[in-house]
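**Student:** This structure is in structure tokens; I'll ask about it shortly.
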Amino acid sequence: MLEFISQPWPWYTSGIVIAFVMVLLLFFGKSFGFSANLRTICSACGAGKSVKFFDFDWRSQSWNLLFLVGAIIGGFISAEFLSSGEPVQISQATIQDLQQLGISAPDGMQPTEIFSLSAAFTLKGFLILLLGGFAIGFGARYAGGCTSGHAISGISNLQLPSLIAVIGFFIGGLITTYVLLPLIF
Amino acid sequence: MKSIKFIIAGILFGIVMSKSEAISWYRIQEMFRFQDFHMYGIIGTAVVLGTIATLVIKKFNLRDFQGNPIVFTPKEMSVPRYIIGGTIFGLGWALTGACPGPMFVNVGFSYWAIFIAIGGALAGTYLYGAIKDKLPH
């Protein structure tokens with residue numbers, strides 16, 4: 001049993017649990033959407049004083065901040081107790097493509113070329129994470145949701161806007177993958 | 001108890017995102033290069049089951065644990081908003097390899113560099129709030 005748990009889990013377990021979490025939140029009277037937390041944090045930090053968009057009762061969203069805290073704890077539990085420490089099992093084709101960009105084959109969960117502190121505190125590494133994060137925050141609010149709100153909750157509710165947003169996610173993702181990454185690395 | 005259930009739901013989410021490697025930059029690259037079914041399997045299974053659950057909830061007018069009706073708010077129709085916003089989001093998603101949920105799961109994994117991306121995401125959210133009335137929606 002423990003051995004099974006410490007191995008990476010197949011995709012369907014993840015899909016089932018994500019759908020379960022979405023339904024669980026519905027039965028808690030809430031809706032699954034992670035990026036709303038970014039707006040809530042801005043508001044809790046006092047952004048409502050200068051910008052109307054953040055002037056709302058952020059405490060009404062504190063349930064979602066608790067979900068966020070849980071997500072961090074879940075990551076910690078996985079890393080400390082449920083992990084075999086094996087590298088991510090991506091396909092050989094991806095490994096080869098990434099090696100051509102100068103990104104080494106997986107050694108853990110994340111590439112050291114981006115996520116090690118020594119890489120993150122070079123100018124290039126810092127800007128990759130900062131600007132990447134910036135686009136995620138700006139784009140998620142502009143599109144009114146992220147992967148959880150649009151790709152999972154929205155499409156499950158057969159919302160055409162969510163499908164359009166997901167098409168947008170892929171347009172952006174493909175531009176980064178095939179145009180920006182070769183320029184950056 | 002009222003609040004602990006949200007933490008537990010979050011823990012469940014954090015564990016499953018980690019264990020299925022959906023928080024990995026490598027997996028997101030593999031997805032955008034269409035080189036494995038893994039991420040499509042995760043999202044696809046979640047959407048199929050989510051759609052069935054949503055239909056069942058609507059069909060039988062199910063109520064939440066407090067007895068209130070479960071309401072689904074339809075999203076306002078627009079094309080530019082979702083295409084432009086979505087594309088900007090996607091640019092960042094493929095760059096950092098983490099959408100907002102996995103960003104925080106990575107904190108639990110002690111990838112401290114992700115705080116730079118989280119800081120960027122908060123700044124991006126703030127800028128959107130500040131200029132939203134000037135953007136096409």
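Residue numbers start at 1 in each chain; chains themselves are named A, B, ... in the order of the structure tokens; ligands are numbered from 1 in the order shown.
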With only C-alpha atoms as the counted atoms, please give the residues lying no more than 10 Å from A:Ser116, apart from itself and same-chain residues fewer than 2 positions off, as a VMD selection string.
**Tutor:** (chain A and resid 110 to 114 118 to 121 125) or (chain B and resid 111 to 114)
**Student:** Would you pick out the contacts of stretch 141-151 of chain A at 8 Å or less, using only C-alpha atoms, so that residues sharing its chain but fewer than 5 positions from it are not included, and give the list as a list in words?
**Tutor:**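 My list of contacting residues is Phe32, Gly33, Phe34, Ser35, Ala36, Ser156, Ser162, Leu163, Ala165 and Val166 of chain A; Ile43, Val47, Arg81, Tyr82, Ile83, Ile84, Gly85, Gly86, Phe89, Cys99, Pro100, Thr125, Tyr128 and Lys132 of chain B.
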**Student:** Check the smallest atom-to-atom distance from each of B:Ala98, B:Ile131, B:Ile57, B:Ile116 to chain A using only C-alpha atoms, then report the winner.
**Tutor:**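 Ranking B:Ala98, B:Ile131, B:Ile57, B:Ile116 by distance to chain A, first place goes to B:Ile116.
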**Student:** With a distance cut-off of 8 Å and only C-alpha atoms, select the neighbouring residues of A:Thr94, excluding the residue or stretch itself and same-chain residues fewer than 2 positions from it, and output the selection as a list in words.
**Tutor:**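 In the requested format, the answer is Ile90, Ser91, Gln92, Gln96, Asp97 and Leu98 of chain A; Gln29, Glu30, Arg33 and Gln35 of chain B.
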**Student:** Using the selection just defined, write its residues with C-alpha atoms as a PDB file, in the first residue's frame.
**Tutor:**
ATOM      1  CA  ILE A  90       7.748  12.569 -18.821  1.00  0.00           C
ATOM      2  CA  SER A  91       7.965  11.194 -22.316  1.00  0.00           C
ATOM      3  CA  GLN A  92      11.294  10.664 -24.065  1.00  0.00           C
ATOM      4  CA  GLN A  96      14.857  15.386 -26.064  1.00  0.00           C
ATOM      5  CA  ASP A  97      13.071  18.613 -27.037  1.00  0.00           C
ATOM      6  CA  LEU A  98      13.952  20.228 -23.729  1.00  0.00           C
TER       7      LEU A  98
ATOM      8  CA  GLN B  29       5.756  21.384 -21.312  1.00  0.00           C
ATOM      9  CA  GLU B  30       4.864  17.825 -22.288  1.00  0.00           C
ATOM     10  CA  ARG B  33       4.056  19.756 -26.934  1.00  0.00           C
ATOM     11  CA  GLN B  35       3.757  14.406 -26.352  1.00  0.00           C
TER      12      GLN B  35
END
**Student:** Give me, as number ranges by chain, the residues of stretch 7-170 of chain A that a backbone DSSP run labels helix (DSSP H, G or I).
**Tutor:** A: 11-27, 36-44, 47-49, 52-54, 58-81, 92-101, 112-115, 117-120, 123-143, 147-156, 160-170
**Student:** Suppose you want the space between atom CA of B:Pro74 and atom CA of A:Phe20; what is it in Å?
**Tutor:**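 Taking atom CA of B:Pro74 as the start and atom CA of A:Phe20 as the end point, the length is 21.0 Å.
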**Student:** When you count only C-alpha atoms, which of these residues is closest to chain A: B:Met39, B:Gly92, B:Phe60, B:Pro102?
**Tutor:**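 Among the listed residues, the smallest separation from chain A belongs to B:Gly92.
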**Student:** Just to confirm, what's the straight-line distance from atom CA of A:Ser104 to atom CA of A:Leu181 in Å (one decimal)?
**Tutor:**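 Answer for the atom CA of A:Ser104 to atom CA of A:Leu181 separation: 14.2 Å.
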**Student:** Could you check which of A:Leu101, A:Leu160, A:Ala44, A:Leu129 is closest to chain B, using only C-alpha atoms?
**Tutor:**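 Using only C-alpha atoms, the shortest distance to chain B belongs to A:Leu129.
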